[in-house]
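Chemist: coords.tsv is reproduced below (TSV, C-alpha atoms).
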chain	number	residue	atom	x	y	z
A	879	MET	CA	362.88	64.86	130.13
A	880	ARG	CA	362.47	62.25	127.40
A	881	HIS	CA	359.31	63.97	126.22
A	882	ARG	CA	361.10	67.28	125.80
A	883	GLN	CA	363.99	65.66	123.98
A	884	ALA	CA	361.59	63.91	121.59
A	885	ILE	CA	359.72	67.18	120.98
A	886	ALA	CA	363.00	69.02	120.27
A	887	LEU	CA	364.13	66.42	117.71
A	888	LEU	CA	360.76	66.29	115.95
A	889	ALA	CA	360.47	70.10	115.92
A	890	LEU	CA	363.93	70.31	114.35
A	891	VAL	CA	362.81	68.07	111.47
A	892	GLY	CA	359.59	70.09	111.09
A	893	PHE	CA	361.58	73.33	111.09
A	894	PHE	CA	363.68	72.18	108.13
A	895	ILE	CA	360.62	71.02	106.16
A	896	ALA	CA	358.91	74.37	106.71
A	897	LEU	CA	362.16	76.17	105.86
A	898	TYR	CA	362.42	74.26	102.56
A	899	LEU	CA	358.83	75.11	101.61
A	900	TRP	CA	359.28	78.76	102.60
A	901	LEU	CA	362.54	79.13	100.64
A	902	HIS	CA	360.79	77.65	97.60
A	903	GLN	CA	357.90	80.08	98.02
A	904	ILE	CA	360.23	83.07	98.04
A	905	GLY	CA	361.96	81.79	94.92
A	906	VAL	CA	365.08	80.12	96.30
A	907	GLY	CA	365.96	76.87	94.52
A	908	GLY	CA	364.13	75.21	91.68
A	909	GLU	CA	360.98	73.19	91.57
A	910	LEU	CA	359.83	71.36	94.67
A	911	LYS	CA	360.97	67.78	94.89
A	912	CYS	CA	357.62	66.20	95.44
A	913	GLY	CA	357.42	62.82	93.71
A	914	THR	CA	353.93	62.30	92.40
A	915	GLY	CA	352.28	64.81	94.70
A	916	GLY	CA	350.68	68.15	93.93
A	917	CYS	CA	353.14	70.34	95.84
A	918	GLU	CA	353.29	73.01	93.14
A	919	THR	CA	349.51	73.16	92.91
A	920	VAL	CA	349.26	73.66	96.66
A	921	GLN	CA	352.10	76.18	96.72
A	922	ALA	CA	350.62	78.17	93.85
A	923	SER	CA	347.10	78.22	95.30
A	924	PRO	CA	345.72	81.39	96.88
A	925	TRP	CA	345.80	79.56	100.23
A	926	ALA	CA	349.60	79.39	100.17
A	927	GLU	CA	349.66	82.90	101.61
A	928	GLN	CA	347.78	84.12	104.66
A	929	LEU	CA	347.72	87.83	105.54
A	930	GLY	CA	350.35	88.39	102.87
A	931	ILE	CA	352.79	85.96	104.48
A	932	PRO	CA	353.68	82.57	102.96
A	933	VAL	CA	352.02	79.82	105.02
A	934	ALA	CA	355.33	77.96	105.24
A	935	PHE	CA	356.79	80.92	107.13
A	936	TYR	CA	354.23	80.37	109.91
A	937	GLY	CA	355.60	76.83	110.03
A	938	VAL	CA	359.18	78.07	110.30
A	939	VAL	CA	358.27	80.36	113.19
A	940	GLY	CA	356.04	77.76	114.88
A	941	TYR	CA	358.58	74.96	114.78
A	942	ALA	CA	361.38	77.33	115.84
A	943	ALA	CA	359.30	78.40	118.85
A	944	ILE	CA	358.55	74.79	119.85
A	945	LEU	CA	362.21	73.84	119.43
A	946	ALA	CA	363.36	76.82	121.50
A	947	VAL	CA	360.90	76.10	124.34
A	948	ALA	CA	361.85	72.40	124.34
A	949	LEU	CA	365.57	73.21	124.51
A	950	VAL	CA	365.09	75.76	127.30
A	951	ALA	CA	362.90	73.27	129.14
A	952	LEU	CA	365.81	70.80	129.08
A	953	GLN	CA	368.04	73.16	131.05
A	954	PRO	CA	368.57	72.05	134.66
A	955	ALA	CA	366.80	75.11	136.05
A	956	TRP	CA	363.59	74.19	134.18
A	957	LEU	CA	363.69	70.42	134.28
A	958	GLY	CA	361.28	69.84	137.16
A	959	ARG	CA	358.91	72.67	136.23
A	960	ARG	CA	355.51	72.20	134.69
A	961	GLY	CA	355.40	75.63	133.02
A	962	PRO	CA	357.37	74.67	129.87
A	963	THR	CA	355.25	71.51	129.50
A	964	LEU	CA	352.10	73.64	129.58
A	965	LEU	CA	353.58	76.07	127.07
A	966	LEU	CA	354.58	73.22	124.73
A	967	ALA	CA	351.09	71.76	124.94
A	968	ALA	CA	349.59	75.16	124.11
A	969	LEU	CA	351.96	75.83	121.20
A	970	THR	CA	351.51	72.40	119.66
A	971	SER	CA	347.72	72.60	120.06
A	972	VAL	CA	347.75	75.76	117.92
A	973	GLY	CA	350.11	74.01	115.50
A	974	VAL	CA	347.98	70.92	115.18
A	975	LEU	CA	344.81	72.97	114.58
A	976	PHE	CA	346.59	75.01	111.89
A	977	SER	CA	347.92	71.83	110.26
A	978	ALA	CA	344.46	70.24	110.34
A	979	TRP	CA	343.00	73.30	108.61
A	980	LEU	CA	345.71	73.22	105.94
A	981	THR	CA	345.16	69.49	105.35
A	982	TYR	CA	341.42	70.13	105.02
A	983	LEU	CA	342.16	72.82	102.39
A	984	GLU	CA	344.40	70.44	100.45
A	985	LEU	CA	341.84	67.65	100.45
A	986	PHE	CA	338.59	69.51	99.92
A	987	VAL	CA	339.37	72.94	98.47
A	988	ILE	CA	342.61	72.75	96.47
A	989	HIS	CA	342.14	69.04	95.66
A	990	ALA	CA	345.88	68.41	95.65
A	991	ILE	CA	348.16	66.87	98.21
A	992	CYS	CA	351.58	68.23	99.05
A	993	ARG	CA	353.71	65.45	100.54
A	994	TRP	CA	355.87	67.86	102.49
A	995	CYS	CA	352.79	69.47	104.00
A	996	VAL	CA	351.35	66.08	104.96
A	997	THR	CA	354.69	65.09	106.53
A	998	SER	CA	354.67	68.34	108.47
A	999	ALA	CA	351.07	67.74	109.60
A	1000	VAL	CA	351.96	64.22	110.79
A	1001	LEU	CA	355.02	65.59	112.62
A	1002	MET	CA	352.99	68.29	114.32
A	1003	ALA	CA	350.33	65.77	115.35
A	1004	THR	CA	353.04	63.51	116.81
A	1005	ILE	CA	354.62	66.42	118.70
A	1006	TRP	CA	351.18	67.36	120.01
A	1007	ILE	CA	350.54	63.80	121.27
A	1008	VAL	CA	353.95	63.74	122.99
A	1009	ALA	CA	353.26	67.15	124.53
A	1010	LEU	CA	349.87	66.01	125.85
A	1011	HIS	CA	351.43	62.85	127.23
A	1012	ALA	CA	354.07	64.95	128.95
A	1013	LEU	CA	351.33	67.10	130.44
A	1014	ARG	CA	349.67	64.03	131.95
A	1015	THR	CA	352.86	62.55	133.34
A	1016	THR	CA	354.61	65.71	134.59
A	1017	PRO	CA	353.67	66.16	138.24
A	1018	HIS	CA	352.41	69.46	139.54
A	1019	ALA	CA	354.99	71.39	141.52
A	1020	PRO	CA	355.50	69.62	144.88
A	1021	PRO	CA	354.33	71.52	147.97
A	1022	SER	CA	357.02	73.65	149.51
A	1023	ARG	CA	358.91	71.81	152.27
A	1024	THR	CA	360.07	74.98	153.92
A	1025	PRO	CA	358.25	75.19	157.24
A	1026	ALA	CA	356.24	78.28	157.94
A	1027	PRO	CA	358.10	80.70	160.14
A	1028	ARG	CA	357.10	80.32	163.71
A	1029	ILE	CA	355.73	83.37	165.35
A	1030	ASP	CA	356.34	83.30	169.01
A	1031	PRO	CA	353.82	84.97	171.20
B	650	MET	CA	371.86	64.28	128.25
B	651	LYS	CA	375.16	64.50	126.37
B	652	ARG	CA	373.94	61.79	124.00
B	653	PHE	CA	370.88	63.89	123.23
B	654	TYR	CA	372.95	66.92	122.20
B	655	VAL	CA	375.16	64.74	120.01
B	656	MET	CA	372.01	63.37	118.37
B	657	LEU	CA	370.63	66.89	117.94
B	658	GLY	CA	373.90	68.01	116.30
B	659	VAL	CA	374.06	65.04	113.92
B	660	LEU	CA	370.41	65.49	112.96
B	661	THR	CA	370.95	69.23	112.32
B	662	LEU	CA	373.91	68.48	110.04
B	663	ALA	CA	371.94	65.82	108.15
B	664	LEU	CA	369.00	68.19	107.70
B	665	VAL	CA	371.21	71.05	106.49
B	666	ALA	CA	372.81	68.68	103.95
B	667	MET	CA	369.36	67.55	102.80
B	668	LEU	CA	368.16	71.13	102.44
B	669	VAL	CA	371.20	72.11	100.37
B	670	TYR	CA	370.66	69.08	98.13
B	671	LEU	CA	366.97	69.87	97.68
B	672	LEU	CA	367.62	73.50	96.82
B	673	GLN	CA	370.40	72.78	94.35
B	674	SER	CA	368.21	71.53	91.51
B	675	ASN	CA	367.13	74.48	89.44
B	676	PRO	CA	365.51	73.25	86.26
B	677	SER	CA	364.42	75.72	83.65
B	678	ALA	CA	361.32	75.49	81.52
B	679	PRO	CA	361.83	73.05	78.64
B	680	ARG	CA	363.50	75.35	76.17
B	681	ALA	CA	362.20	73.81	72.97
B	682	ALA	CA	358.62	74.04	74.23
B	683	ASN	CA	358.89	77.64	75.40
B	684	GLN	CA	360.44	79.43	72.47
B	685	ALA	CA	359.47	80.32	68.94
B	686	PRO	CA	361.05	77.99	66.40
B	687	ALA	CA	363.29	79.37	63.67
B	688	THR	CA	360.93	78.24	60.93
B	689	VAL	CA	357.16	78.17	60.74
B	690	VAL	CA	355.77	74.84	59.59
B	691	ASP	CA	352.18	74.11	58.62
B	692	ASP	CA	351.39	70.59	59.80
B	693	GLY	CA	347.79	70.93	58.65
B	694	PHE	CA	346.46	71.28	62.19
B	695	ARG	CA	343.79	73.96	62.65
B	696	GLY	CA	343.01	73.81	66.34
B	697	TYR	CA	341.05	71.62	68.71
B	698	THR	CA	337.29	71.92	68.54
B	699	LEU	CA	334.39	71.48	70.91
B	700	GLY	CA	330.91	70.67	69.64
B	701	SER	CA	329.26	69.08	66.66
B	702	ASP	CA	330.87	69.09	63.21
B	703	SER	CA	327.44	69.87	61.77
B	704	ALA	CA	326.83	72.93	63.94
B	705	PRO	CA	325.77	75.86	61.73
B	706	VAL	CA	328.06	78.36	63.43
B	707	GLU	CA	331.72	78.14	64.34
B	708	VAL	CA	333.57	80.46	66.68
B	709	THR	CA	337.34	80.54	66.46
B	710	GLU	CA	339.05	81.87	69.53
B	711	TYR	CA	342.63	83.15	69.43
B	712	GLY	CA	343.78	82.82	73.00
B	713	ASP	CA	346.80	82.98	75.25
B	714	PHE	CA	346.86	80.77	78.34
B	715	GLU	CA	348.76	83.39	80.32
B	716	CYS	CA	346.27	86.16	79.56
B	717	PRO	CA	343.97	87.04	82.49
B	718	ALA	CA	341.09	88.11	80.22
B	719	CYS	CA	341.21	84.71	78.48
B	720	ALA	CA	341.15	82.95	81.86
B	721	SER	CA	338.25	85.05	83.03
B	722	PHE	CA	336.34	84.36	79.81
B	723	ALA	CA	337.04	80.62	80.05
B	724	MET	CA	335.90	80.44	83.63
B	725	VAL	CA	332.97	82.85	83.70
B	726	GLN	CA	331.40	82.88	80.23
B	727	MET	CA	332.45	79.59	78.69
B	728	PRO	CA	330.42	77.26	80.97
B	729	THR	CA	327.18	78.96	79.85
B	730	ILE	CA	328.27	78.97	76.20
B	731	LYS	CA	329.09	75.26	76.46
B	732	GLU	CA	325.78	74.44	78.08
B	733	GLN	CA	323.46	76.60	75.99
B	734	LEU	CA	325.15	76.73	72.59
B	735	ILE	CA	327.76	74.00	72.16
B	736	ALA	CA	325.92	71.13	73.90
B	737	THR	CA	322.73	71.97	72.02
B	738	GLY	CA	324.45	71.63	68.64
B	739	LYS	CA	324.12	75.32	67.71
B	740	LEU	CA	327.81	76.10	67.91
B	741	ARG	CA	331.24	74.60	67.39
B	742	TRP	CA	334.16	76.19	69.23
B	743	ARG	CA	337.72	76.20	67.87
B	744	TYR	CA	340.73	77.19	69.93
B	745	ARG	CA	343.84	78.65	68.27
B	746	ASP	CA	347.00	79.64	70.06
B	747	TYR	CA	348.07	83.25	70.04
B	748	PRO	CA	350.86	83.51	72.65
B	749	LEU	CA	351.63	87.15	73.33
B	750	PRO	CA	355.30	88.16	73.44
B	751	MET	CA	355.04	89.83	76.85
B	752	HIS	CA	353.96	86.57	78.51
B	753	PRO	CA	357.08	84.53	79.32
B	754	TYR	CA	355.31	81.21	79.78
B	755	ALA	CA	352.46	81.53	77.25
B	756	ARG	CA	354.20	79.28	74.72
B	757	LEU	CA	355.04	76.75	77.41
B	758	ALA	CA	351.39	76.63	78.48
B	759	ALA	CA	350.22	76.33	74.87
B	760	HIS	CA	352.70	73.50	74.39
B	761	ALA	CA	351.50	71.76	77.55
B	762	ALA	CA	347.95	71.90	76.17
B	763	GLN	CA	349.13	70.49	72.84
B	764	CYS	CA	350.95	67.66	74.63
B	765	ALA	CA	347.73	66.91	76.49
B	766	GLY	CA	345.86	67.08	73.19
B	767	GLU	CA	348.20	64.41	71.87
B	768	GLN	CA	346.66	62.15	74.52
B	769	GLY	CA	343.12	63.29	73.78
B	770	LYS	CA	342.92	65.67	76.75
B	771	PHE	CA	343.36	69.12	75.25
B	772	TRP	CA	340.21	70.59	76.76
B	773	GLU	CA	340.90	69.07	80.16
B	774	MET	CA	344.35	70.71	80.15
B	775	HIS	CA	342.85	73.93	78.76
B	776	ASP	CA	340.53	74.03	81.76
B	777	GLN	CA	343.31	73.19	84.22
B	778	LEU	CA	345.48	76.02	82.87
B	779	PHE	CA	342.70	78.55	83.13
B	780	MET	CA	341.10	77.31	86.35
B	781	ASN	CA	344.37	77.43	88.27
B	782	HIS	CA	345.49	80.67	86.74
B	783	SER	CA	347.52	81.87	89.73
B	784	TRP	CA	350.58	80.35	87.98
B	785	ALA	CA	350.45	83.29	85.58
B	786	GLN	CA	350.86	85.81	88.37
B	787	THR	CA	353.84	84.34	90.19
B	788	GLY	CA	356.43	84.88	87.45
B	789	LYS	CA	358.00	81.57	88.47
B	790	ASN	CA	358.75	78.70	86.12
B	791	PRO	CA	355.44	76.79	86.02
B	792	SER	CA	356.80	73.58	84.45
B	793	ALA	CA	356.29	71.45	87.56
B	794	LEU	CA	352.85	72.95	88.10
B	795	PHE	CA	351.87	72.10	84.53
B	796	ARG	CA	352.97	68.54	85.21
B	797	ASP	CA	350.56	68.51	88.16
B	798	PHE	CA	347.82	69.81	85.86
B	799	ALA	CA	348.67	67.06	83.39
B	800	ARG	CA	348.23	64.49	86.13
B	801	ALA	CA	344.94	66.08	87.13
B	802	ALA	CA	343.82	65.86	83.50
B	803	VAL	CA	344.68	62.13	83.65
B	804	ILE	CA	347.54	62.25	81.20
B	805	ASP	CA	350.35	59.70	81.06
B	806	PRO	CA	353.12	61.73	82.77
B	807	ASP	CA	356.01	60.04	80.99
B	808	ARG	CA	354.57	60.71	77.55
B	809	TYR	CA	353.77	64.26	78.62
B	810	ASP	CA	357.36	64.86	79.84
B	811	ALA	CA	358.81	63.45	76.62
B	812	CYS	CA	356.49	65.66	74.57
B	813	MET	CA	357.44	68.79	76.51
B	814	GLU	CA	361.15	68.03	76.31
B	815	SER	CA	360.99	67.49	72.55
B	816	GLY	CA	359.09	70.74	71.95
B	817	ARG	CA	357.43	69.01	69.03
B	818	TYR	CA	354.48	71.41	68.88
B	819	ALA	CA	356.44	74.66	69.05
B	820	ALA	CA	356.22	75.06	65.27
B	821	ARG	CA	352.47	74.37	65.30
B	822	ILE	CA	351.96	77.06	67.95
B	823	GLU	CA	354.03	79.53	65.97
B	824	PHE	CA	352.04	78.74	62.84
B	825	SER	CA	348.84	79.46	64.75
B	826	ARG	CA	350.25	82.78	65.93
B	827	HIS	CA	351.21	83.71	62.36
B	828	GLU	CA	347.75	82.80	61.20
B	829	GLY	CA	346.32	85.08	63.90
B	830	GLU	CA	348.55	87.92	62.77
B	831	GLN	CA	347.34	87.51	59.21
B	832	ARG	CA	343.76	87.61	60.44
B	833	LEU	CA	344.56	90.85	62.30
B	834	VAL	CA	344.22	89.53	65.81
B	835	ASP	CA	344.93	92.55	67.98
B	836	GLY	CA	344.73	91.08	71.46
B	837	THR	CA	343.52	88.06	73.35
B	838	PRO	CA	340.98	86.69	73.35
B	839	THR	CA	339.89	87.57	69.82
B	840	PHE	CA	336.94	85.74	68.28
B	841	TYR	CA	335.73	85.09	64.73
B	842	VAL	CA	332.14	84.04	64.18
B	843	ASN	CA	331.91	82.03	60.96
B	844	GLY	CA	335.13	83.69	59.86
B	845	VAL	CA	334.04	87.26	60.63
B	846	LYS	CA	335.82	89.13	63.39
B	847	TYR	CA	333.54	89.48	66.41
B	848	THR	CA	333.53	92.95	67.91
B	849	GLY	CA	330.75	92.53	70.47
B	850	ARG	CA	331.05	92.09	74.19
B	851	SER	CA	332.68	88.94	75.52
B	852	THR	CA	329.66	87.73	77.46
B	853	SER	CA	327.62	84.58	77.00
B	854	ASP	CA	324.47	86.63	76.31
B	855	ALA	CA	326.19	88.69	73.61
B	856	PHE	CA	327.55	85.49	72.07
B	857	LYS	CA	324.09	83.91	72.15
B	858	ALA	CA	322.71	86.84	70.15
B	859	ALA	CA	325.64	86.81	67.71
B	860	ILE	CA	325.37	83.05	67.16
B	861	GLU	CA	321.61	83.23	66.55
B	862	SER	CA	322.09	86.06	64.11
B	863	ALA	CA	324.89	84.15	62.31
B	864	ALA	CA	322.71	81.04	62.13
B	865	THR	CA	319.81	83.03	60.73
B	866	ALA	CA	322.08	84.70	58.14
B	867	ARG	CA	323.32	81.25	57.11
B	868	ARG	CA	319.76	79.88	56.66
B	869	ARG	CA	318.88	82.69	54.27
Will you turn the file into structure tokens for me?

Modeler:
Amino acid sequence: MRHRQAIALLALVGFFIALYLWLHQIGVGGELKCGTGGCETVQASPWAEQLGIPVAFYGVVGYAAILAVALVALQPAWLGRRGPTLLLAALTSVGVLFSAWLTYLELFVIHAICRWCVTSAVLMATIWIVALHALRTTPHAPPSRTPAPRIDP
Amino acid sequence: MKRFYVMLGVLTLALVAMLVYLLQSNPSAPRAANQAPATVVDDGFRGYTLGSDSAPVEVTEYGDFECPACASFAMVQMPTIKEQLIATGKLRWRYRDYPLPMHPYARLAAHAAQCAGEQGKFWEMHDQLFMNHSWAQTGKNPSALFRDFARAAVIDPDRYDACMESGRYAARIEFSRHEGEQRLVDGTPTFYVNGVKYTGRSTSDAFKAAIESAATARRR
């Protein structure tokens, strides 16, 4: 249960970071608050859009999905089940791969670092580690205790 | 479990507040740097140059940092021109600003380059502005992006910010534009080879031929 709670809280933070970057990309608000980083360079690069959709929007959807699964998984009906844990591991694996690719682009292609993107990548990696840990510690469904119906001759 | 939902609620509220705060700031481009001044002042400046002072041929380019053709020329043709003509002492290149009225951030970009020039990095900023030209297609205020370019060009950011805020080169840029008008610049980029308007193709090969012919004419 603790794993799922931790994932929900981290995904919520990630969701808001992605939301901020996405709103900036669609022109809401002013310049990105970025300190000394190269957020604007990254956001203005051709990589900031994939298939015509701002990359940050993938983050919004991804984090929202992880948050939703984690919250559903915390409901009593799902607490003992391994299915949500598997789904969280799968979702965060996709997320961590996507984040790794974006970080690679920042470092070696765009040559600029966006602090918000790095924070998001670290968050996603942390969520992924928690999800994998949950996968290892969540037991498989216990064997059914209902005895097989007896068939009398 | 109840404690978790309280925590989730508090965190959501904190994050919403943070988001609202982050989105509230809406700075505009430094006004003084991005508009034509009321008066045109000649400060004696005639553009930054690349290449030897003793080169027999000089090309003056009237350019606009927001113009796609200028960016394409700077990125595709200019490296060869630099390598084969400027570095070999055959040519000196002079850049003059000619911000076009339909480009909302052309003056701002020209001013950013001048502020970099103040710190001895005009050409570095020139390259940054043209290499990362996607800023010209977004229509969004590129001030923060230009600050990133300034950092990439290793410029003291505080001096750069002060320069942009003051708009101290706006008159110089306007003077350059006036000069271009007087020389009948009809678009960007427009080139003059030893003072004569160049009407050939904007390719490095065509420039090579024009420069050799200008050098030969000068020897005679």

Chemist: Sorted by chain and rising residue number, which residues of chain A lie within 7 Å of chain B, and what are their closest atom pairs and distances in Å to one decimal, counting all atoms listed in the file, as CSV?

Modeler:
residue,atom,partner,partner_atom,distance
A:Leu887,CA,B:Leu657,CA,6.5
A:Phe894,CA,B:Leu664,CA,6.7
A:Tyr898,CA,B:Leu668,CA,6.5
A:Gly907,CA,B:Leu672,CA,4.4
A:Gly908,CA,B:Asn675,CA,3.8
A:Glu909,CA,B:Ala793,CA,6.4
A:Lys911,CA,B:Leu671,CA,6.9
A:Gly916,CA,B:Asp797,CA,5.8
A:Glu918,CA,B:Leu794,CA,5.1
A:Thr919,CA,B:Leu794,CA,5.9
A:Ala922,CA,B:Trp784,CA,6.3
A:Ser923,CA,B:Ser783,CA,6.7

Chemist: Produce a file of the selected residues containing C-alpha atoms, as a PDB file, in the frame of the given file.

Modeler:
ATOM      1  CA  LEU A 887     364.130  66.420 117.710  1.00  0.00           C
ATOM      2  CA  PHE A 894     363.680  72.180 108.130  1.00  0.00           C
ATOM      3  CA  TYR A 898     362.420  74.260 102.560  1.00  0.00           C
ATOM      4  CA  GLY A 907     365.960  76.870  94.520  1.00  0.00           C
ATOM      5  CA  GLY A 908     364.130  75.210  91.680  1.00  0.00           C
ATOM      6  CA  GLU A 909     360.980  73.190  91.570  1.00  0.00           C
ATOM      7  CA  LYS A 911     360.970  67.780  94.890  1.00  0.00           C
ATOM      8  CA  GLY A 916     350.680  68.150  93.930  1.00  0.00           C
ATOM      9  CA  GLU A 918     353.290  73.010  93.140  1.00  0.00           C
ATOM     10  CA  THR A 919     349.510  73.160  92.910  1.00  0.00           C
ATOM     11  CA  ALA A 922     350.620  78.170  93.850  1.00  0.00           C
ATOM     12  CA  SER A 923     347.100  78.220  95.300  1.00  0.00           C
TER      13      SER A 923
END

Chemist: If we count only C-alpha atoms, what is near Thr865 (chain B) at a cut-off of 10 Å, once residues fewer than 6 positions away on the same chain are taken out, given as a list of chain:residue names?

Modeler: B:Pro705, B:Val706, B:Ala859

Chemist: Pull C-alpha atoms from the residues just selected and write them as a short mmCIF file (atom, residue, chain, number, x, y, z; two decimals), in the frame of the given file.

Modeler:
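This went into again_3.cif:
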data_model
loop_
_atom_site.label_atom_id
_atom_site.label_comp_id
_atom_site.auth_asym_id
_atom_site.auth_seq_id
_atom_site.Cartn_x
_atom_site.Cartn_y
_atom_site.Cartn_z
CA PRO B 705 325.77 75.86 61.73
CA VAL B 706 328.06 78.36 63.43
CA ALA B 859 325.64 86.81 67.71
#

Chemist: Can you pull out every residue within 12 Å of Leu957 (chain A), counting all atoms listed in the file, but drop anything in the same chain fewer than 3 positions away, and send it as a list in words?

Modeler: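 Listed by chain and then number, they are Met879, Arg880, His881, Arg882, Gln883, Val947, Ala948, Leu949, Val950, Ala951, Leu952, Gln953, Pro954, Arg960, Gly961, Pro962, Thr963, Thr1016, Pro1017 and Ala1019 of chain A; Met650 of chain B.
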
Chemist: Place a sphere of radius 10 Å on (337.3, 86.8, 69.9) in the file coordinates and name every protein, DNA or RNA residue with an atom inside or on its surface, counting all atoms listed in the file; give the answer as a list in words.

Modeler: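 Residues satisfying the cut-off, written out: Val708, Thr709, Glu710, Tyr711, Gly712, Cys719, Val834, Asp835, Gly836, Thr837, Pro838, Thr839, Phe840, Tyr841, Val842, Val845, Lys846, Tyr847, Thr848, Gly849, Arg850 and Ser851 of chain B.
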
Chemist: What lies within 10 Å of Glu861 (chain B) using all atoms listed in the file, ignoring chain neighbours under 4 positions off, as a list in words?

Modeler: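 Within the cut-off, the hits are Pro705, Val706, Leu734, Lys739, Leu740, Phe856, Lys857, Thr865, Ala866 and Arg867 of chain B.
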
Chemist: Tell me, as an MDAnalysis selection string, which residues lie within 9 Å of Leu1010 (chain A), counting only C-alpha atoms; anything in the same chain fewer than 5 positions away does not count.

Modeler: chainID A and resid 963:964 966:967 1005 1015

Chemist: What does the structure give for the distance between CA of Tyr809 (chain B) and CA of Gln763 (chain B), in Å to one decimal?

Modeler: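 About the pair CA of Tyr809 (chain B) and CA of Gln763 (chain B): they are 9.7 Å apart.
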
Chemist: List the spatial neighbours of Phe722 (chain B) as a ChimeraX atom specification - criterion: any atom at most 10 Å away, only C-alpha atoms, same-chain residues fewer than 2 positions off excluded.

Modeler: /B:717-720,724-728,779,838,851-853

Chemist: Write to file, as an mmCIF file, in the frame of the given file, the residues of the selection just made, with C-alpha atoms.

Modeler:
data_model
loop_
_atom_site.group_PDB
_atom_site.id
_atom_site.type_symbol
_atom_site.label_atom_id
_atom_site.label_comp_id
_atom_site.auth_asym_id
_atom_site.auth_seq_id
_atom_site.Cartn_x
_atom_site.Cartn_y
_atom_site.Cartn_z
ATOM 1 C CA PRO B 717 343.970 87.040 82.490
ATOM 2 C CA ALA B 718 341.090 88.110 80.220
ATOM 3 C CA CYS B 719 341.210 84.710 78.480
ATOM 4 C CA ALA B 720 341.150 82.950 81.860
ATOM 5 C CA MET B 724 335.900 80.440 83.630
ATOM 6 C CA VAL B 725 332.970 82.850 83.700
ATOM 7 C CA GLN B 726 331.400 82.880 80.230
ATOM 8 C CA MET B 727 332.450 79.590 78.690
ATOM 9 C CA PRO B 728 330.420 77.260 80.970
ATOM 10 C CA PHE B 779 342.700 78.550 83.130
ATOM 11 C CA PRO B 838 340.980 86.690 73.350
ATOM 12 C CA SER B 851 332.680 88.940 75.520
ATOM 13 C CA THR B 852 329.660 87.730 77.460
ATOM 14 C CA SER B 853 327.620 84.580 77.000
#

Chemist: By how many Å are CA of His752 (chain B) and CA of Asn683 (chain B) apart?

Modeler: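 A separation of 10.7 Å between them.
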
Chemist: What is the distance, in Å and to one decimal place, between CA of Arg817 (chain B) and CA of Asn843 (chain B)?

Modeler: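 CA of Asn843 (chain B) lies 29.8 Å from CA of Arg817 (chain B).
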
Chemist: How about completing region 896-907 of chain A with N, CA and C atoms and giving it to me as a PDB file, keeping the file's coordinate frame?

Modeler:
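After the write, out.pdb holds the following:
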ATOM      1  N   ALA A 896     359.563  73.065 106.904  1.00  0.00           N
ATOM      2  CA  ALA A 896     358.910  74.370 106.710  1.00  0.00           C
ATOM      3  C   ALA A 896     359.875  75.351 106.039  1.00  0.00           C
ATOM      4  N   LEU A 897     361.146  75.273 106.437  1.00  0.00           N
ATOM      5  CA  LEU A 897     362.160  76.170 105.860  1.00  0.00           C
ATOM      6  C   LEU A 897     362.291  75.901 104.355  1.00  0.00           C
ATOM      7  N   TYR A 898     362.310  74.633 103.977  1.00  0.00           N
ATOM      8  CA  TYR A 898     362.420  74.260 102.560  1.00  0.00           C
ATOM      9  C   TYR A 898     361.224  74.816 101.770  1.00  0.00           C
ATOM     10  N   LEU A 899     360.023  74.638 102.315  1.00  0.00           N
ATOM     11  CA  LEU A 899     358.830  75.110 101.610  1.00  0.00           C
ATOM     12  C   LEU A 899     358.820  76.646 101.527  1.00  0.00           C
ATOM     13  N   TRP A 900     359.269  77.283 102.586  1.00  0.00           N
ATOM     14  CA  TRP A 900     359.280  78.760 102.600  1.00  0.00           C
ATOM     15  C   TRP A 900     360.313  79.290 101.585  1.00  0.00           C
ATOM     16  N   LEU A 901     361.507  78.679 101.589  1.00  0.00           N
ATOM     17  CA  LEU A 901     362.540  79.130 100.640  1.00  0.00           C
ATOM     18  C   LEU A 901     362.044  78.948  99.201  1.00  0.00           C
ATOM     19  N   HIS A 902     361.341  77.855  98.937  1.00  0.00           N
ATOM     20  CA  HIS A 902     360.790  77.650  97.600  1.00  0.00           C
ATOM     21  C   HIS A 902     359.783  78.752  97.269  1.00  0.00           C
ATOM     22  N   GLN A 903     358.938  79.072  98.269  1.00  0.00           N
ATOM     23  CA  GLN A 903     357.900  80.080  98.020  1.00  0.00           C
ATOM     24  C   GLN A 903     358.486  81.462  97.723  1.00  0.00           C
ATOM     25  N   ILE A 904     359.637  81.761  98.314  1.00  0.00           N
ATOM     26  CA  ILE A 904     360.230  83.070  98.040  1.00  0.00           C
ATOM     27  C   ILE A 904     361.211  83.015  96.866  1.00  0.00           C
ATOM     28  N   GLY A 905     361.203  81.864  96.178  1.00  0.00           N
ATOM     29  CA  GLY A 905     361.960  81.790  94.920  1.00  0.00           C
ATOM     30  C   GLY A 905     363.375  81.261  95.024  1.00  0.00           C
ATOM     31  N   VAL A 906     363.732  80.695  96.180  1.00  0.00           N
ATOM     32  CA  VAL A 906     365.080  80.120  96.300  1.00  0.00           C
ATOM     33  C   VAL A 906     365.017  78.664  95.852  1.00  0.00           C
ATOM     34  N   GLY A 907     365.948  78.259  95.006  1.00  0.00           N
ATOM     35  CA  GLY A 907     365.960  76.870  94.520  1.00  0.00           C
ATOM     36  C   GLY A 907     365.000  76.695  93.362  1.00  0.00           C
TER      37      GLY A 907
END
